[in-house]
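Enquirer: I have a structure here, written as structure tokens, and I will follow up with some questions on it.
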Amino acid sequence: MFAINPLRAYASVTAAYWAFMLSDGALRMLVLLHFNALGFSPVQLAWLFLLYEVAGIVTNLCAGWLAARFGLAATLYAGLALQIGALVALAQLDPSWTIPASVAFVMAVQGVSGVAKDLAKMSSKSAVKLLAPAADGGLFRWVAALTGSKNAVKGLGFFIGAALLGLAGFQAAVWGMALVLAVILIAVVLFLPAGLPGRMKAAEGWGGWRSKDPRVNRLSLARLFLFGARDVWFVVGIPVYFQAVLSDGTAEGRREAFFLVGGFMALWIIAYGAVQAFAPRLLGGKAQSEAQTTQKAILWSGLLVPIPFALAALAYAAGEPAPWLTATLIAGLLLFGFVFAINSSVHSYLILAFGAAERITRDVGFYYMANAAGRLTGTLLSGVSYQLGGLPLCLATAGMMALASWLAARRLSQP
């Protein structure tokens, strides 16, 4: 289909995506831990990430159209360049600014980062659809490898962000990340093989943003609630809880807590990515029909529901932080991550399987728009639920989102 080696092009796209997600994970942890240490409330911390998610919704609606017009390589380069710009802008943050000014500035910068992230994601995922071999379950294996490795790299970024904050400080860390990403962008422009799928046939007008396939729309709704269920506890609730439990309030205690919180978040994301990468084997190993994979999507959506509800009940029963509760939360959230990763991997396969090749960038863009809407909802609810009801309400809200995802996934089996 293409004049280039599909495997080489896939490797190049994956490497560029890895570099981006490493910086994305590090930036998120830097912002969260830095402003938590400055005394920002859970709701204020949530606000820092809201425009990032809003930008993701808008970008995913536009990114598919842009890729169809200008090519996947162009949108991939744009994503990397915008992330560099966001890092350089964030380095200009002045500690003397008021909290409202700081929140507004960081929200704007995070918005640019959100645009960058979804341009890079849409470009990479759409390229897989066009490059992957059709036989022997190649699409499921290639997308699982891309998604799984990406999340493992992002998890490493979480740890690097926390470590850089503790060792080098906020500004030095941001400048260093911008410099490294600039070098990587230059390398990608120089070495990405010519002939990566470029402009597709004439793109539909803006009115074609919503898929004509009901399966794509139903899967997108399930995806919205799935990622909402994760981010309700992941963005603010659990990091703030662990920071409070692990830090003694001294500068040394805060630094140690940075490493521990960042280490747990990194471990969770890396383990999640590893499960995603091996999901095809865990689900049977052989090429399966769309109908079989759809049934597994429904099954695994249901298995996720009781986990956050059980953790919420334990947190409510404990009443206050305790060593046994912290240990149980770590084990329970790792189990949540395992089941969540299977769900996410199956979803990532199904959107590419359902999507039509001639409008794949539009279908993938719409799907990831729903993904961003779920993260936006989860981010807002994370700060609000934790501030209103602490960890129990935060985890119970995650359970409600998981339940809604299962109910939406059940409709995938309908004609």
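How things are named: the first chain in the structure tokens is A, the next is B, and so on; residues count from 1 in each chain; ligands count from 1 in the order shown.
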Please provide as number ranges by chain all residues within 12 Å of Pro100 of chain A, with the sequence filter that same-chain residues fewer than 6 positions apart are discarded (counting only C-alpha atoms).

Expert: A: 40, 44-45, 47-48, 106-107

Enquirer: Could you give me, as a short mmCIF file (atom, residue, chain, number, x, y, z; two decimals) with N, CA and C atoms, in the first residue's frame, the residues within 10 Å of segment 241-246 of chain A, counting only C-alpha atoms and dropping anything in the same chain fewer than 4 positions from it?

Expert:
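For reference, out-v9.cif as written:
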data_model
loop_
_atom_site.label_atom_id
_atom_site.label_comp_id
_atom_site.auth_asym_id
_atom_site.auth_seq_id
_atom_site.Cartn_x
_atom_site.Cartn_y
_atom_site.Cartn_z
N LEU A 33 2.58 17.95 41.99
CA LEU A 33 3.31 17.94 43.26
C LEU A 33 3.83 19.33 43.62
N ASN A 36 0.76 21.36 44.83
CA ASN A 36 0.27 20.80 46.09
C ASN A 36 1.18 21.24 47.24
N ALA A 37 2.50 21.25 46.99
CA ALA A 37 3.45 21.70 48.01
C ALA A 37 3.29 23.18 48.32
N TRP A 233 -10.08 9.26 40.75
CA TRP A 233 -9.16 9.04 41.87
C TRP A 233 -7.71 9.35 41.49
N VAL A 236 -6.29 13.81 41.32
CA VAL A 236 -6.11 14.59 42.55
C VAL A 236 -6.22 13.71 43.80
N GLY A 237 -7.28 12.91 43.89
CA GLY A 237 -7.61 12.23 45.14
C GLY A 237 -6.49 11.41 45.74
N GLY A 253 10.80 15.80 54.39
CA GLY A 253 9.65 14.89 54.32
C GLY A 253 8.86 15.06 53.03
N ARG A 254 8.71 16.32 52.59
CA ARG A 254 8.02 16.56 51.33
C ARG A 254 8.78 15.98 50.15
N GLU A 256 10.86 13.45 50.21
CA GLU A 256 10.72 11.99 50.24
C GLU A 256 9.34 11.56 49.75
N ALA A 257 8.31 12.33 50.13
CA ALA A 257 6.96 12.01 49.67
C ALA A 257 6.83 12.18 48.16
N PHE A 258 7.53 13.19 47.58
CA PHE A 258 7.53 13.35 46.13
C PHE A 258 7.96 12.05 45.45
N LEU A 260 8.04 8.98 46.70
CA LEU A 260 7.15 7.85 46.96
C LEU A 260 5.86 7.95 46.15
N VAL A 261 5.26 9.15 46.13
CA VAL A 261 4.02 9.33 45.36
C VAL A 261 4.30 9.15 43.87
N GLY A 262 5.36 9.81 43.40
CA GLY A 262 5.73 9.67 41.99
C GLY A 262 6.06 8.23 41.64
N PHE A 264 4.82 5.48 43.07
CA PHE A 264 3.59 4.68 42.97
C PHE A 264 2.84 4.98 41.69
N PRO A 321 -6.71 7.94 57.95
CA PRO A 321 -5.60 7.19 57.37
C PRO A 321 -5.02 6.18 58.34
N ALA A 322 -4.69 5.01 57.82
CA ALA A 322 -4.10 3.95 58.63
C ALA A 322 -3.19 3.12 57.73
N PRO A 323 -2.13 2.52 58.29
CA PRO A 323 -1.21 1.73 57.46
C PRO A 323 -1.91 0.61 56.69
N THR A 326 -3.72 2.14 53.69
CA THR A 326 -2.81 2.52 52.62
C THR A 326 -2.36 1.30 51.83
N TYR A 386 -13.17 14.85 46.40
CA TYR A 386 -12.21 14.71 47.49
C TYR A 386 -12.36 15.83 48.51
N GLY A 390 -13.81 13.56 50.96
CA GLY A 390 -12.57 12.84 51.18
C GLY A 390 -12.44 11.63 50.26
N LEU A 391 -11.56 10.73 50.67
CA LEU A 391 -11.27 9.56 49.84
C LEU A 391 -12.48 8.66 49.61
#

Enquirer: Please provide as JSON, numbers by chain all residues within 12 Å of Leu190 of chain A, with the sequence filter that same-chain residues fewer than 3 positions apart are discarded (counting only C-alpha atoms).

Expert: {"A": [12, 16, 73, 77, 183, 184, 185, 186, 187, 193, 194]}

Enquirer: If you measure from atom CA of Phe309 of chain A to atom CA of Ala402 of chain A, what distance in Å do you get, rounded to one decimal?

Expert: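 Computed distance, atom CA of Phe309 of chain A to atom CA of Ala402 of chain A, equals 9.6 Å.
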
Enquirer: Hey, could you make a per-residue contact list for segment 360-409 of chain A against segment 330-352 of chain A with 12 Å as the cut-off, showing the nearest pair of atoms and its distance in Å to one decimal, counting only C-alpha atoms, sorted by chain and number, as JSON lines?

Expert:
{"residue": "A:Ile360", "atom": "CA", "partner": "A:Leu352", "partner_atom": "CA", "distance": 7.5}
{"residue": "A:Thr361", "atom": "CA", "partner": "A:Leu352", "partner_atom": "CA", "distance": 9.8}
{"residue": "A:Arg362", "atom": "CA", "partner": "A:Ile351", "partner_atom": "CA", "distance": 11.2}
{"residue": "A:Asp363", "atom": "CA", "partner": "A:Ile351", "partner_atom": "CA", "distance": 7.6}
{"residue": "A:Val364", "atom": "CA", "partner": "A:Ile351", "partner_atom": "CA", "distance": 6.8}
{"residue": "A:Gly365", "atom": "CA", "partner": "A:Ile351", "partner_atom": "CA", "distance": 10.3}
{"residue": "A:Phe366", "atom": "CA", "partner": "A:Ile351", "partner_atom": "CA", "distance": 10.0}
{"residue": "A:Tyr367", "atom": "CA", "partner": "A:Ile351", "partner_atom": "CA", "distance": 7.3}
{"residue": "A:Tyr368", "atom": "CA", "partner": "A:Ile351", "partner_atom": "CA", "distance": 9.7}
{"residue": "A:Ala370", "atom": "CA", "partner": "A:Ile351", "partner_atom": "CA", "distance": 11.9}
{"residue": "A:Asn371", "atom": "CA", "partner": "A:Ser344", "partner_atom": "CA", "distance": 10.5}
{"residue": "A:Leu395", "atom": "CA", "partner": "A:Leu333", "partner_atom": "CA", "distance": 10.3}
{"residue": "A:Ala398", "atom": "CA", "partner": "A:Phe336", "partner_atom": "CA", "distance": 10.8}
{"residue": "A:Gly399", "atom": "CA", "partner": "A:Phe336", "partner_atom": "CA", "distance": 10.8}
{"residue": "A:Ala402", "atom": "CA", "partner": "A:Phe340", "partner_atom": "CA", "distance": 9.6}
{"residue": "A:Ser405", "atom": "CA", "partner": "A:Asn343", "partner_atom": "CA", "distance": 10.2}
{"residue": "A:Trp406", "atom": "CA", "partner": "A:Asn343", "partner_atom": "CA", "distance": 10.2}
{"residue": "A:Ala409", "atom": "CA", "partner": "A:His347", "partner_atom": "CA", "distance": 9.8}

Enquirer: Measuring atom to atom with only C-alpha atoms, identify which of A:Gly25, A:Gly284, A:Gly111, A:Pro214 is nearest to Arg411 of chain A.

Expert: A:Pro214

Enquirer: Would you kindly return, as a ChimeraX atom specification, each protein, DNA or RNA residue with an atom no farther than 12 Å from any atom of Ala78 of chain A, considering only C-alpha atoms and excluding same-chain residues fewer than 2 positions away?

Expert: /A:16,20,63,66-67,70-76,80-85,112-113,115-123,185,188-189

Enquirer: Using only C-alpha atoms, which of the listed residues (A:Ala266, A:Leu303, A:Leu224, A:Val240) sits closest to Ala404 of chain A?

Expert: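 For Ala404 of chain A, the nearest of the candidates is A:Leu224.
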
Enquirer: Might you pull out every residue within 12 Å of Leu393 of chain A, with only C-alpha atoms counted and same-chain residues fewer than 2 positions away left off, and present them as JSON, numbers by chain?

Expert: {"A": [232, 233, 237, 238, 308, 309, 310, 311, 312, 313, 314, 315, 316, 381, 382, 383, 384, 385, 386, 387, 388, 389, 390, 391, 395, 396, 397, 398, 399, 400]}

Enquirer: When you count only C-alpha atoms, which of these residues is closest to Gln171 of chain A: A:Ser247, A:Gln92, A:Asn151, A:Gln110?

Expert: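 Answer, going by the shortest atom-to-atom distance: A:Gln92.
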
Enquirer: Please provide the set of residues having any atom within 6 Å of Phe225 of chain A, restricted to only C-alpha atoms, with same-chain residues fewer than 3 positions apart removed, written as a PyMOL selection string.

Expert: chain A and resi 222+228+374+401+405

Enquirer: The selected residues should be written to file as a PDB file, in the first residue's frame (atoms: C-alpha atoms).

Expert:
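Produced file selection_27.pdb, reproduced below:
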ATOM      1  CA  ALA A 222     -18.178   3.634  27.173  1.00  0.00           C
ATOM      2  CA  GLY A 228     -13.705   9.209  34.032  1.00  0.00           C
ATOM      3  CA  GLY A 374     -14.096  11.455  30.307  1.00  0.00           C
ATOM      4  CA  MET A 401     -18.421   6.101  36.505  1.00  0.00           C
ATOM      5  CA  SER A 405     -19.146   2.545  31.391  1.00  0.00           C
TER       6      SER A 405
END

Enquirer: Taking into account only C-alpha atoms, which residue in the set A:Val216, A:Val235, A:Ile307, A:Ala274 is nearest to Met29 of chain A?

Expert: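 Between A:Val216, A:Val235, A:Ile307, A:Ala274, the residue approaching Met29 of chain A most closely is A:Val235.
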
Enquirer: Can you tell me, as JSON, numbers by chain, what residues are no more than 12 Å from Ser149 of chain A when counting only C-alpha atoms, ignoring any on the same chain fewer than 2 positions away?

Expert: {"A": [11, 14, 15, 17, 18, 19, 21, 22, 141, 142, 143, 144, 145, 146, 147, 151, 152, 153, 154, 155, 156, 269, 270, 271, 272, 273, 274, 275, 276, 277, 278, 345]}

Enquirer: From the options A:Leu219, A:Leu376, A:Ala408, A:Leu30, which residue's atoms come nearest to Gly302 of chain A, counting only C-alpha atoms?

Expert: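 Going through A:Leu219, A:Leu376, A:Ala408, A:Leu30 one by one, the smallest distance to Gly302 of chain A is for A:Ala408.
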